[in-house]
$ cat query_23.pdb   # PDB, C-alpha atoms
ATOM      1  CA  MET A   7     -59.319  -3.100 -26.473
ATOM      2  CA  GLU A   8     -58.149  -6.669 -27.056
ATOM      3  CA  THR A   9     -60.271  -8.825 -29.367
ATOM      4  CA  THR A  10     -61.303 -12.167 -27.862
ATOM      5  CA  ALA A  11     -62.533 -15.364 -29.536
ATOM      6  CA  ALA A  12     -66.081 -14.565 -28.369
ATOM      7  CA  ASP A  13     -65.991 -11.281 -30.288
ATOM      8  CA  LEU A  14     -64.888 -12.811 -33.597
ATOM      9  CA  GLN A  15     -67.175 -13.087 -36.594
ATOM     10  CA  THR A  16     -65.628 -15.626 -38.967
ATOM     11  CA  ASP A  17     -68.766 -16.017 -41.098
ATOM     12  CA  THR A  18     -68.565 -15.689 -44.860
ATOM     13  CA  SER A  19     -70.831 -15.822 -47.908
ATOM     14  CA  TYR A  20     -70.382 -18.361 -50.714
ATOM     15  CA  LEU A  21     -72.777 -18.886 -53.634
ATOM     16  CA  GLY A  22     -75.361 -16.887 -51.738
ATOM     17  CA  MET A  23     -75.091 -19.182 -48.694
ATOM     18  CA  ARG A  24     -74.074 -17.744 -45.337
ATOM     19  CA  LEU A  25     -71.479 -20.014 -43.709
ATOM     20  CA  PRO A  26     -70.069 -19.810 -40.145
ATOM     21  CA  HIS A  27     -66.467 -19.841 -41.414
ATOM     22  CA  PRO A  28     -64.627 -20.249 -44.742
ATOM     23  CA  PHE A  29     -63.446 -23.879 -44.446
ATOM     24  CA  ILE A  30     -65.454 -26.380 -46.492
ATOM     25  CA  ALA A  31     -64.745 -29.915 -47.688
ATOM     26  CA  GLY A  32     -63.948 -30.150 -51.390
ATOM     27  CA  ALA A  33     -64.938 -33.091 -53.585
ATOM     28  CA  SER A  34     -63.292 -36.229 -52.188
ATOM     29  CA  PRO A  35     -63.940 -39.823 -51.037
ATOM     30  CA  PHE A  36     -65.458 -38.320 -47.870
ATOM     31  CA  GLY A  37     -68.561 -37.762 -49.993
ATOM     32  CA  TYR A  38     -69.013 -41.450 -50.786
ATOM     33  CA  ARG A  39     -70.869 -42.367 -47.581
ATOM     34  CA  LEU A  40     -73.347 -40.743 -45.234
ATOM     35  CA  ASP A  41     -71.291 -41.572 -42.143
ATOM     36  CA  THR A  42     -68.234 -39.698 -43.413
ATOM     37  CA  ILE A  43     -70.364 -36.734 -44.485
ATOM     38  CA  LYS A  44     -71.803 -36.714 -40.966
ATOM     39  CA  ARG A  45     -68.255 -36.819 -39.548
ATOM     40  CA  LEU A  46     -67.435 -33.697 -41.532
ATOM     41  CA  GLU A  47     -70.463 -31.917 -40.112
ATOM     42  CA  ASP A  48     -69.673 -33.054 -36.557
ATOM     43  CA  ALA A  49     -66.101 -31.766 -36.969
ATOM     44  CA  GLY A  50     -67.440 -28.304 -37.816
ATOM     45  CA  CYS A  51     -67.168 -28.292 -41.611
ATOM     46  CA  ALA A  52     -69.116 -25.331 -43.019
ATOM     47  CA  ALA A  53     -70.283 -27.153 -46.188
ATOM     48  CA  VAL A  54     -69.499 -30.284 -48.196
ATOM     49  CA  VAL A  55     -68.883 -30.696 -51.912
ATOM     50  CA  LEU A  56     -69.783 -34.266 -52.871
ATOM     51  CA  HIS A  57     -67.440 -36.331 -55.001
ATOM     52  CA  SER A  58     -67.915 -35.870 -58.737
ATOM     53  CA  LEU A  59     -70.308 -37.709 -60.995
ATOM     54  CA  PHE A  60     -68.528 -38.079 -64.335
ATOM     55  CA  GLU A  61     -69.804 -37.310 -67.807
ATOM     56  CA  GLU A  62     -68.773 -40.826 -68.889
ATOM     57  CA  GLN A  63     -71.041 -42.400 -66.238
ATOM     58  CA  ILE A  64     -74.028 -40.334 -67.290
ATOM     59  CA  THR A  65     -73.677 -40.941 -71.028
ATOM     60  CA  LEU A  66     -73.140 -44.681 -70.468
ATOM     61  CA  ALA A  67     -76.296 -44.949 -68.356
ATOM     62  CA  ALA A  68     -78.412 -42.717 -70.607
ATOM     63  CA  GLU A  69     -77.097 -43.501 -74.086
ATOM     64  CA  GLY A  70     -74.936 -46.616 -73.732
ATOM     65  CA  ARG A  71     -71.894 -44.646 -74.913
ATOM     66  CA  VAL A  72     -68.602 -43.470 -73.404
ATOM     67  CA  ALA A  73     -66.818 -40.503 -74.999
ATOM     68  CA  ASN A  74     -69.378 -40.764 -77.836
ATOM     69  CA  LEU A  75     -68.197 -44.330 -78.525
ATOM     70  CA  ASP A  76     -70.083 -47.631 -78.330
ATOM     71  CA  PRO A  77     -68.354 -49.819 -75.707
ATOM     72  CA  HIS A  78     -69.639 -52.949 -77.457
ATOM     73  CA  ASP A  79     -67.963 -52.076 -80.758
ATOM     74  CA  PRO A  80     -64.581 -53.866 -81.014
ATOM     75  CA  ALA A  81     -63.242 -50.967 -83.094
ATOM     76  CA  PHE A  82     -63.275 -48.766 -79.972
ATOM     77  CA  ALA A  83     -61.963 -51.319 -77.487
ATOM     78  CA  GLU A  84     -58.443 -49.870 -77.321
ATOM     79  CA  THR A  85     -59.682 -46.318 -76.762
ATOM     80  CA  LEU A  86     -62.258 -47.260 -74.140
ATOM     81  CA  ALA A  87     -59.789 -49.468 -72.266
ATOM     82  CA  HIS A  88     -58.394 -46.232 -70.791
ATOM     83  CA  PHE A  89     -61.663 -45.656 -68.900
ATOM     84  CA  PRO A  90     -62.594 -47.553 -65.729
ATOM     85  CA  PRO A  91     -65.574 -49.931 -65.930
ATOM     86  CA  ALA A  92     -68.874 -48.776 -64.437
ATOM     87  CA  SER A  93     -68.362 -51.098 -61.461
ATOM     88  CA  GLU A  94     -65.339 -49.090 -60.278
ATOM     89  CA  TYR A  95     -67.306 -45.887 -59.707
ATOM     90  CA  PRO A  96     -68.675 -45.549 -56.159
ATOM     91  CA  LEU A  97     -72.159 -44.502 -57.345
ATOM     92  CA  GLY A  98     -73.981 -44.489 -60.676
ATOM     93  CA  PRO A  99     -76.142 -41.542 -61.760
ATOM     94  CA  ASP A 100     -79.427 -42.661 -60.140
ATOM     95  CA  ALA A 101     -77.652 -43.799 -56.972
ATOM     96  CA  TYR A 102     -75.797 -40.461 -56.842
ATOM     97  CA  ALA A 103     -79.088 -38.534 -56.858
ATOM     98  CA  GLU A 104     -80.519 -40.802 -54.143
ATOM     99  CA  HIS A 105     -77.331 -40.430 -52.082
ATOM    100  CA  LEU A 106     -77.600 -36.651 -52.383
ATOM    101  CA  THR A 107     -81.169 -36.699 -51.097
ATOM    102  CA  ARG A 108     -80.176 -38.884 -48.146
ATOM    103  CA  ALA A 109     -77.221 -36.623 -47.359
ATOM    104  CA  LYS A 110     -79.489 -33.584 -47.264
ATOM    105  CA  THR A 111     -81.699 -35.396 -44.755
ATOM    106  CA  ALA A 112     -78.767 -36.590 -42.642
ATOM    107  CA  VAL A 113     -76.977 -33.249 -42.125
ATOM    108  CA  GLN A 114     -77.860 -29.586 -41.668
ATOM    109  CA  ILE A 115     -74.905 -28.052 -43.527
ATOM    110  CA  PRO A 116     -75.104 -27.190 -47.253
ATOM    111  CA  ILE A 117     -74.413 -29.995 -49.731
ATOM    112  CA  VAL A 118     -72.922 -29.024 -53.096
ATOM    113  CA  ALA A 119     -73.131 -31.603 -55.877
ATOM    114  CA  SER A 120     -70.358 -31.986 -58.457
ATOM    115  CA  LEU A 121     -70.439 -32.867 -62.158
ATOM    116  CA  ASN A 122     -67.143 -33.544 -63.906
ATOM    117  CA  GLY A 123     -66.948 -33.412 -67.689
ATOM    118  CA  THR A 124     -65.361 -31.995 -70.793
ATOM    119  CA  SER A 125     -68.245 -30.820 -72.950
ATOM    120  CA  GLY A 126     -71.632 -29.138 -72.835
ATOM    121  CA  GLN A 127     -73.606 -32.021 -74.286
ATOM    122  CA  ALA A 128     -76.759 -33.857 -73.253
ATOM    123  CA  TRP A 129     -75.201 -35.299 -70.100
ATOM    124  CA  LEU A 130     -75.621 -31.919 -68.444
ATOM    125  CA  ARG A 131     -79.370 -32.472 -68.409
ATOM    126  CA  PHE A 132     -78.597 -34.506 -65.313
ATOM    127  CA  ALA A 133     -77.968 -31.203 -63.546
ATOM    128  CA  GLN A 134     -81.744 -30.847 -63.277
ATOM    129  CA  VAL A 135     -81.970 -34.246 -61.570
ATOM    130  CA  ILE A 136     -79.355 -33.058 -59.075
ATOM    131  CA  GLU A 137     -81.331 -29.902 -58.386
ATOM    132  CA  GLN A 138     -84.501 -31.929 -57.842
ATOM    133  CA  ALA A 139     -82.592 -34.248 -55.484
ATOM    134  CA  GLY A 140     -82.050 -31.290 -53.162
ATOM    135  CA  ALA A 141     -78.542 -29.957 -53.827
ATOM    136  CA  ASP A 142     -77.901 -26.509 -52.379
ATOM    137  CA  ALA A 143     -75.594 -25.722 -55.300
ATOM    138  CA  LEU A 144     -73.794 -27.380 -58.205
ATOM    139  CA  GLU A 145     -70.069 -27.357 -58.927
ATOM    140  CA  LEU A 146     -69.204 -27.874 -62.601
ATOM    141  CA  ASN A 147     -65.739 -29.369 -62.808
ATOM    142  CA  PHE A 148     -64.197 -28.875 -66.242
ATOM    143  CA  TYR A 149     -61.282 -31.277 -66.590
ATOM    144  CA  ASP A 150     -60.100 -31.519 -70.161
ATOM    145  CA  LEU A 151     -56.454 -31.634 -71.158
ATOM    146  CA  VAL A 152     -56.685 -30.713 -74.832
ATOM    147  CA  THR A 153     -54.315 -33.015 -76.714
ATOM    148  CA  SER A 154     -55.548 -32.048 -80.177
ATOM    149  CA  LEU A 155     -53.111 -29.927 -82.183
ATOM    150  CA  THR A 156     -55.953 -28.331 -84.154
ATOM    151  CA  THR A 157     -58.257 -27.136 -81.349
ATOM    152  CA  PRO A 158     -57.686 -23.434 -80.595
ATOM    153  CA  GLY A 159     -57.896 -22.091 -77.062
ATOM    154  CA  THR A 160     -60.842 -19.875 -78.004
ATOM    155  CA  ALA A 161     -62.889 -22.983 -78.871
ATOM    156  CA  VAL A 162     -62.200 -24.484 -75.456
ATOM    157  CA  GLU A 163     -63.211 -21.288 -73.663
ATOM    158  CA  HIS A 164     -66.325 -20.892 -75.821
ATOM    159  CA  GLU A 165     -67.421 -24.427 -74.916
ATOM    160  CA  ILE A 166     -67.091 -23.734 -71.188
ATOM    161  CA  VAL A 167     -68.905 -20.390 -71.321
ATOM    162  CA  THR A 168     -71.711 -21.796 -73.488
ATOM    163  CA  THR A 169     -72.135 -24.744 -71.135
ATOM    164  CA  VAL A 170     -72.455 -22.449 -68.123
ATOM    165  CA  LYS A 171     -75.047 -20.326 -69.934
ATOM    166  CA  GLU A 172     -77.100 -23.426 -70.723
ATOM    167  CA  VAL A 173     -76.896 -24.786 -67.182
ATOM    168  CA  LYS A 174     -77.835 -21.432 -65.654
ATOM    169  CA  ARG A 175     -80.796 -21.245 -68.034
ATOM    170  CA  VAL A 176     -82.372 -24.389 -66.577
ATOM    171  CA  LEU A 177     -81.272 -24.356 -62.920
ATOM    172  CA  LYS A 178     -82.416 -22.218 -60.014
ATOM    173  CA  ILE A 179     -79.649 -23.293 -57.613
ATOM    174  CA  PRO A 180     -76.256 -21.527 -57.678
ATOM    175  CA  VAL A 181     -73.574 -22.847 -60.036
ATOM    176  CA  ALA A 182     -69.827 -22.727 -59.348
ATOM    177  CA  VAL A 183     -67.292 -23.409 -62.089
ATOM    178  CA  LYS A 184     -64.111 -25.296 -61.214
ATOM    179  CA  LEU A 185     -61.362 -24.383 -63.650
ATOM    180  CA  PRO A 186     -57.834 -25.487 -64.487
ATOM    181  CA  PRO A 187     -55.177 -22.750 -64.594
ATOM    182  CA  TYR A 188     -54.130 -23.416 -68.193
ATOM    183  CA  PHE A 189     -55.661 -20.521 -70.096
ATOM    184  CA  THR A 190     -53.834 -17.792 -71.957
ATOM    185  CA  ALA A 191     -55.997 -15.060 -70.432
ATOM    186  CA  LEU A 192     -57.710 -16.481 -67.364
ATOM    187  CA  GLY A 193     -58.980 -13.054 -66.306
ATOM    188  CA  TYR A 194     -60.890 -12.664 -69.557
ATOM    189  CA  LEU A 195     -62.426 -16.123 -69.161
ATOM    190  CA  ALA A 196     -63.427 -15.268 -65.590
ATOM    191  CA  ARG A 197     -65.202 -12.150 -66.824
ATOM    192  CA  GLU A 198     -66.968 -14.126 -69.559
ATOM    193  CA  LEU A 199     -68.143 -16.681 -66.982
ATOM    194  CA  ASP A 200     -69.321 -13.801 -64.810
ATOM    195  CA  THR A 201     -71.391 -12.508 -67.737
ATOM    196  CA  ALA A 202     -72.658 -16.046 -68.431
ATOM    197  CA  GLY A 203     -74.128 -16.146 -64.936
ATOM    198  CA  ALA A 204     -71.648 -18.262 -62.975
ATOM    199  CA  ASP A 205     -72.212 -17.779 -59.247
ATOM    200  CA  GLY A 206     -68.740 -18.905 -58.205
ATOM    201  CA  LEU A 207     -65.268 -19.712 -59.505
ATOM    202  CA  VAL A 208     -63.224 -22.520 -57.944
ATOM    203  CA  LEU A 209     -59.462 -22.126 -58.490
ATOM    204  CA  PHE A 210     -57.875 -24.482 -59.390
ATOM    205  CA  ASN A 211     -58.494 -27.987 -60.611
ATOM    206  CA  ARG A 212     -55.447 -30.207 -60.092
ATOM    207  CA  PHE A 213     -54.190 -31.966 -63.217
ATOM    208  CA  TYR A 214     -52.679 -35.391 -62.592
ATOM    209  CA  GLN A 215     -49.685 -36.048 -64.824
ATOM    210  CA  PRO A 216     -48.483 -39.661 -65.087
ATOM    211  CA  ASP A 217     -44.869 -40.412 -64.375
ATOM    212  CA  ILE A 218     -42.760 -42.785 -66.487
ATOM    213  CA  ASP A 219     -41.406 -46.054 -65.132
ATOM    214  CA  VAL A 220     -37.925 -46.391 -66.635
ATOM    215  CA  LYS A 221     -37.864 -50.141 -65.977
ATOM    216  CA  THR A 222     -41.090 -51.007 -67.749
ATOM    217  CA  MET A 223     -40.997 -47.968 -70.058
ATOM    218  CA  GLU A 224     -44.702 -47.497 -69.327
ATOM    219  CA  PRO A 225     -46.677 -44.600 -67.857
ATOM    220  CA  SER A 226     -46.993 -44.831 -64.087
ATOM    221  CA  ALA A 227     -50.090 -43.173 -62.653
ATOM    222  CA  GLN A 228     -50.203 -42.481 -58.925
ATOM    223  CA  LEU A 229     -52.397 -40.010 -57.081
ATOM    224  CA  GLU A 230     -50.386 -37.764 -54.785
ATOM    225  CA  LEU A 231     -52.038 -35.480 -52.257
ATOM    226  CA  SER A 232     -51.350 -31.773 -52.628
ATOM    227  CA  THR A 233     -48.939 -29.768 -50.493
ATOM    228  CA  ASN A 234     -48.734 -26.035 -49.876
ATOM    229  CA  ALA A 235     -46.066 -25.885 -52.577
ATOM    230  CA  GLU A 236     -49.071 -25.610 -54.918
ATOM    231  CA  LEU A 237     -50.672 -22.727 -53.044
ATOM    232  CA  ARG A 238     -48.984 -19.720 -54.657
ATOM    233  CA  LEU A 239     -50.574 -20.186 -58.080
ATOM    234  CA  ARG A 240     -53.998 -20.142 -56.419
ATOM    235  CA  LEU A 241     -53.162 -17.114 -54.292
ATOM    236  CA  GLN A 242     -51.965 -15.212 -57.339
ATOM    237  CA  TRP A 243     -55.181 -15.614 -59.300
ATOM    238  CA  ILE A 244     -57.543 -15.143 -56.375
ATOM    239  CA  ALA A 245     -55.687 -11.885 -55.666
ATOM    240  CA  ILE A 246     -55.992 -10.814 -59.316
ATOM    241  CA  LEU A 247     -59.719 -11.557 -59.556
ATOM    242  CA  TYR A 248     -60.853 -10.335 -56.129
ATOM    243  CA  GLY A 249     -63.106  -7.282 -56.393
ATOM    244  CA  ARG A 250     -63.055  -7.381 -60.191
ATOM    245  CA  VAL A 251     -65.628 -10.127 -60.874
ATOM    246  CA  ARG A 252     -69.012 -10.779 -59.298
ATOM    247  CA  PRO A 253     -68.858 -14.573 -58.639
ATOM    248  CA  SER A 254     -67.758 -15.944 -55.281
ATOM    249  CA  LEU A 255     -64.151 -17.097 -55.184
ATOM    250  CA  ALA A 256     -63.165 -20.481 -53.773
ATOM    251  CA  LEU A 257     -59.538 -21.503 -53.385
ATOM    252  CA  THR A 258     -58.764 -25.210 -53.649
ATOM    253  CA  GLY A 259     -55.425 -26.998 -53.656
ATOM    254  CA  GLY A 260     -52.398 -26.482 -51.442
ATOM    255  CA  VAL A 261     -54.085 -25.519 -48.169
ATOM    256  CA  ALA A 262     -52.588 -27.587 -45.346
ATOM    257  CA  THR A 263     -52.184 -25.281 -42.334
ATOM    258  CA  PRO A 264     -54.082 -22.376 -40.769
ATOM    259  CA  ASP A 265     -51.528 -19.974 -42.265
ATOM    260  CA  ASP A 266     -52.378 -21.316 -45.734
ATOM    261  CA  GLY A 267     -56.068 -20.641 -45.108
ATOM    262  CA  ILE A 268     -55.304 -17.144 -43.802
ATOM    263  CA  LYS A 269     -53.294 -16.390 -46.943
ATOM    264  CA  ALA A 270     -56.262 -17.492 -49.045
ATOM    265  CA  VAL A 271     -58.547 -15.041 -47.220
ATOM    266  CA  LEU A 272     -55.989 -12.234 -47.496
ATOM    267  CA  ALA A 273     -55.824 -12.864 -51.258
ATOM    268  CA  GLY A 274     -59.616 -12.583 -51.435
ATOM    269  CA  ALA A 275     -61.083 -16.092 -51.152
ATOM    270  CA  ASP A 276     -64.647 -16.371 -49.866
ATOM    271  CA  VAL A 277     -64.127 -20.024 -48.961
ATOM    272  CA  VAL A 278     -61.262 -22.481 -48.801
ATOM    273  CA  GLN A 279     -61.841 -26.042 -49.994
ATOM    274  CA  LEU A 280     -59.927 -28.687 -48.074
ATOM    275  CA  VAL A 281     -59.288 -32.153 -49.480
ATOM    276  CA  SER A 282     -55.733 -33.436 -49.050
ATOM    277  CA  ALA A 283     -55.436 -32.031 -45.520
ATOM    278  CA  LEU A 284     -58.642 -33.823 -44.495
ATOM    279  CA  LEU A 285     -57.531 -37.075 -46.108
ATOM    280  CA  ARG A 286     -54.223 -36.837 -44.223
ATOM    281  CA  HIS A 287     -55.477 -35.703 -40.830
ATOM    282  CA  GLY A 288     -59.189 -36.500 -40.761
ATOM    283  CA  PRO A 289     -62.248 -34.232 -40.497
ATOM    284  CA  GLU A 290     -61.066 -32.900 -37.126
ATOM    285  CA  HIS A 291     -58.506 -30.837 -39.042
ATOM    286  CA  ILE A 292     -61.355 -28.399 -39.766
ATOM    287  CA  GLY A 293     -61.348 -27.369 -36.098
ATOM    288  CA  PHE A 294     -57.579 -26.898 -36.173
ATOM    289  CA  MET A 295     -57.905 -24.610 -39.189
ATOM    290  CA  ARG A 296     -60.695 -22.570 -37.645
ATOM    291  CA  ARG A 297     -58.930 -22.121 -34.296
ATOM    292  CA  GLY A 298     -55.789 -20.995 -36.095
ATOM    293  CA  LEU A 299     -57.793 -18.430 -38.064
ATOM    294  CA  GLU A 300     -59.450 -17.151 -34.883
ATOM    295  CA  ARG A 301     -56.123 -16.770 -33.061
ATOM    296  CA  TRP A 302     -54.697 -14.857 -35.993
ATOM    297  CA  MET A 303     -57.738 -12.562 -36.217
ATOM    298  CA  ALA A 304     -57.563 -11.862 -32.474
ATOM    299  CA  SER A 305     -53.830 -11.104 -32.642
ATOM    300  CA  HIS A 306     -54.488  -8.524 -35.373
ATOM    301  CA  GLU A 307     -57.627  -7.215 -33.661
ATOM    302  CA  PHE A 308     -59.911  -8.146 -36.555
ATOM    303  CA  SER A 309     -63.440  -8.673 -35.260
ATOM    304  CA  ARG A 310     -64.834  -9.644 -38.685
ATOM    305  CA  LEU A 311     -63.340 -11.818 -41.406
ATOM    306  CA  ASP A 312     -64.335  -9.218 -44.013
ATOM    307  CA  GLN A 313     -61.763  -6.863 -42.467
ATOM    308  CA  ALA A 314     -59.001  -9.216 -43.620
ATOM    309  CA  ARG A 315     -60.409 -10.516 -46.892
ATOM    310  CA  GLY A 316     -58.654  -9.156 -49.956
ATOM    311  CA  ARG A 317     -56.035  -7.126 -48.064
ATOM    312  CA  CYS A 318     -53.328  -8.681 -50.238
ATOM    313  CA  SER A 319     -55.341  -8.613 -53.467
ATOM    314  CA  LEU A 320     -54.667  -6.403 -56.459
ATOM    315  CA  GLU A 321     -58.090  -4.739 -56.238
ATOM    316  CA  HIS A 322     -56.629  -1.284 -55.544
ATOM    317  CA  THR A 323     -53.382  -1.729 -57.494
ATOM    318  CA  ARG A 324     -53.313   0.911 -60.222
ATOM    319  CA  ASP A 325     -51.549  -1.338 -62.744
ATOM    320  CA  PRO A 326     -51.831  -5.070 -61.891
ATOM    321  CA  ALA A 327     -49.799  -6.064 -64.965
ATOM    322  CA  ALA A 328     -46.890  -3.841 -63.909
ATOM    323  CA  PHE A 329     -47.153  -5.212 -60.357
ATOM    324  CA  GLN A 330     -46.927  -8.809 -61.601
ATOM    325  CA  ARG A 331     -44.091  -8.074 -64.046
ATOM    326  CA  GLY A 332     -42.112  -6.056 -61.520
ATOM    327  CA  ASN A 333     -42.410  -8.741 -58.846
ATOM    328  CA  TYR A 334     -41.356 -11.389 -61.345
ATOM    329  CA  ILE A 335     -38.126  -9.462 -62.029
ATOM    330  CA  ARG A 336     -37.565  -8.785 -58.306
ATOM    331  CA  THR A 337     -37.973 -12.479 -57.565
ATOM    332  CA  LEU A 338     -35.372 -13.419 -60.159
ATOM    333  CA  HIS A 339     -32.975 -10.896 -58.640
ATOM    334  CA  SER A 340     -33.576 -12.175 -55.111
ATOM    335  CA  TRP A 341     -31.360 -15.221 -55.589
ATOM    336  CA  ILE A 342     -28.178 -15.061 -53.539
ATOM    337  CA  GLN A 343     -25.490 -17.606 -54.285
ATOM    338  CA  PRO A 344     -24.592 -19.642 -51.163
TER     339      PRO A 344
END

$ encode --input "query_23.pdb" --output "structure tokens"
Amino acid sequence: METTAADLQTDTSYLGMRLPHPFIAGASPFGYRLDTIKRLEDAGCAAVVLHSLFEEQITLAAEGRVANLDPHDPAFAETLAHFPPASEYPLGPDAYAEHLTRAKTAVQIPIVASLNGTSGQAWLRFAQVIEQAGADALELNFYDLVTSLTTPGTAVEHEIVTTVKEVKRVLKIPVAVKLPPYFTALGYLARELDTAGADGLVLFNRFYQPDIDVKTMEPSAQLELSTNAELRLRLQWIAILYGRVRPSLALTGGVATPDDGIKAVLAGADVVQLVSALLRHGPEHIGFMRRGLERWMASHEFSRLDQARGRCSLEHTRDPAAFQRGNYIRTLHSWIQP
């Protein structure tokens, strides 16, 4: 019997929330204003992650310091010149909490707040303010490119795990952890975060590397939207972790077309965060993604999304390490000289 669109169940669960489909808006400028958040809801977005509130904003407002430095001390002027002034952020801490409360009143879909930082210090107390403001969940975005030559990887991982433990100790709402891919043993870290109580893992944070202008011989920073050339790294790790850790899995980065979203589900993603695709095409792209998923499910006679999720994961692979190594060698041997 042929499966029709009316028969399809595309619903999914993320951070304990039941969503009508897996496509949500990741942290982006769409979160700055209520009208754009409402546009996302009207376009069918299943949930919205607000843009990030940064550690530097919180410590400046609460302690008058940025990166543990006094901005009024001339000795730190060169270091702090790398950071934008407070006026360049769309919302300060108090305004962010108020904006979150207004967003919850304006729309019916879940609103996930986002904190972006590098350490588990006092700034994370603001997580309680976010919970009180009405957030359905909190995404902790750890963005820290370790430039020190004396900081071991274990110290970085310990800081992240300890921070998650502390946040989970004081919050009742679910907590997702957004990670970069640059860890020696990401699977071990994922398990440690599972034990620490993380409710979700968001893979992966994009790192923005500056270019070099050969004329001025200065760094040249320019934000470039992602393409699906970045997708495979995300697919690989979602597929490795699916069925082996408890937290929900969110894939972010490199999803541009319905096929990209389908691949994410096949790897094992519970939700797919869209940012660049929405910035390029507008919120209506959500409908395009969902219709593409539904057509694909119908063509394969899947009535429920769970029937497809994780089909291309390594959950039932007897030796995932051998699978990865063997496919690496096969890929190298696949080159055929033109």

$ atom_distance --input "query_23.pdb" --atom1 "atom CA of Asp219 of chain A" --atom2 "atom CA of Leu231 of chain A"
19.8 Å

$ residues_around --input "query_23.pdb" --residues "Ala273 of chain A" --least-positions-apart "6" --cutoff "9 Å" --atoms "only C-alpha atoms" --output "list in words"
Leu241, Gln242, Trp243, Ile244, Ala245, Ile246, Tyr248, Arg315, Gly316, Arg317, Cys318, Ser319 and Leu320 of chain A

$ axis_aligned_box --input "query_23.pdb" --around "segment 134-152 of chain A" --padding-each-side "5 Å" --output "lines of an AutoDock Vina configuration file"
center_x = -70.5
center_y = -30.0
center_z = -63.6
size_x = 38.0
size_y = 18.5
size_z = 32.5

$ closest_residue --input "query_23.pdb" --among "A:Ala204, A:Leu209, A:Leu97, A:Met23" --to "Val118 of chain A" --atoms "only C-alpha atoms"
A:Met23

$ resolve_selection --input "query_23.pdb" --expression "the PyMOL selection byres ((chain A and resi 144) around 10)" --output "VMD selection string"
chain A and resid 21 55 to 56 117 to 121 133 136 to 137 141 to 143 145 to 147 173 177 179 to 183 205 to 206

$ resolve_selection --input "query_23.pdb" --expression "the PyMOL selection byres ((chain A and resi 254) around 10)" --output "list in words"
Ser19, Tyr20, Leu21, Gly22, Ala182, Asp200, Ala204, Asp205, Gly206, Leu207, Val208, Tyr248, Gly249, Val251, Arg252, Pro253, Leu255, Ala256, Gly274, Ala275, Asp276 and Val277 of chain A

$ atom_distance --input "query_23.pdb" --atom1 "atom CA of Arg240 of chain A" --atom2 "atom CA of Phe189 of chain A"
13.8 Å

$ resolve_selection --input "query_23.pdb" --expression "the PyMOL selection byres ((chain A and resi 233) around 10)" --output "ChimeraX atom specification"
/A:230-232,234-237,259-263,282-283

$ atom_distance --input "query_23.pdb" --atom1 "atom CA of Gln15 of chain A" --atom2 "atom CA of Pro289 of chain A"
22.1 Å

$ residues_near_point --input "query_23.pdb" --point "(-70.3, -37.1, -52.5)" --cutoff "10 Å" --atoms "all atoms listed in the file" --output "list in words"
Gly32, Ala33, Ser34, Pro35, Phe36, Gly37, Tyr38, Arg39, Leu40, Thr42, Ile43, Val54, Val55, Leu56, His57, Ser58, Leu59, Pro96, Leu97, Tyr102, Ala103, His105, Leu106, Ala109, Ile117, Val118, Ala119 and Ser120 of chain A

$ write_last_selection --input "query_23.pdb" --atoms "C-alpha atoms" --output "compact mmCIF listing (two decimals), in the frame of the given file"
# COMPACT_ATOMS: atom_id res chain seq x y z
CA GLY A 32 -63.95 -30.15 -51.39
CA ALA A 33 -64.94 -33.09 -53.58
CA SER A 34 -63.29 -36.23 -52.19
CA PRO A 35 -63.94 -39.82 -51.04
CA PHE A 36 -65.46 -38.32 -47.87
CA GLY A 37 -68.56 -37.76 -49.99
CA TYR A 38 -69.01 -41.45 -50.79
CA ARG A 39 -70.87 -42.37 -47.58
CA LEU A 40 -73.35 -40.74 -45.23
CA THR A 42 -68.23 -39.70 -43.41
CA ILE A 43 -70.36 -36.73 -44.48
CA VAL A 54 -69.50 -30.28 -48.20
CA VAL A 55 -68.88 -30.70 -51.91
CA LEU A 56 -69.78 -34.27 -52.87
CA HIS A 57 -67.44 -36.33 -55.00
CA SER A 58 -67.92 -35.87 -58.74
CA LEU A 59 -70.31 -37.71 -61.00
CA PRO A 96 -68.68 -45.55 -56.16
CA LEU A 97 -72.16 -44.50 -57.34
CA TYR A 102 -75.80 -40.46 -56.84
CA ALA A 103 -79.09 -38.53 -56.86
CA HIS A 105 -77.33 -40.43 -52.08
CA LEU A 106 -77.60 -36.65 -52.38
CA ALA A 109 -77.22 -36.62 -47.36
CA ILE A 117 -74.41 -30.00 -49.73
CA VAL A 118 -72.92 -29.02 -53.10
CA ALA A 119 -73.13 -31.60 -55.88
CA SER A 120 -70.36 -31.99 -58.46

$ residues_near_point --input "query_23.pdb" --point "(-64.8, -32.8, -38.5)" --cutoff "12 Å" --atoms "all atoms listed in the file" --output "ChimeraX atom specification"
/A:29-31,36,41-54,280,283-285,287-296

$ residues_around --input "query_23.pdb" --residues "Phe213 of chain A" --least-positions-apart "6" --cutoff "10 Å" --atoms "only C-alpha atoms" --output "VMD selection string"
chain A and resid 149 to 151 186 to 188

$ closest_residue --input "query_23.pdb" --among "A:Ala304, A:Leu311, A:Val167, A:Val278" --to "Leu185 of chain A" --atoms "all atoms listed in the file"
A:Val167
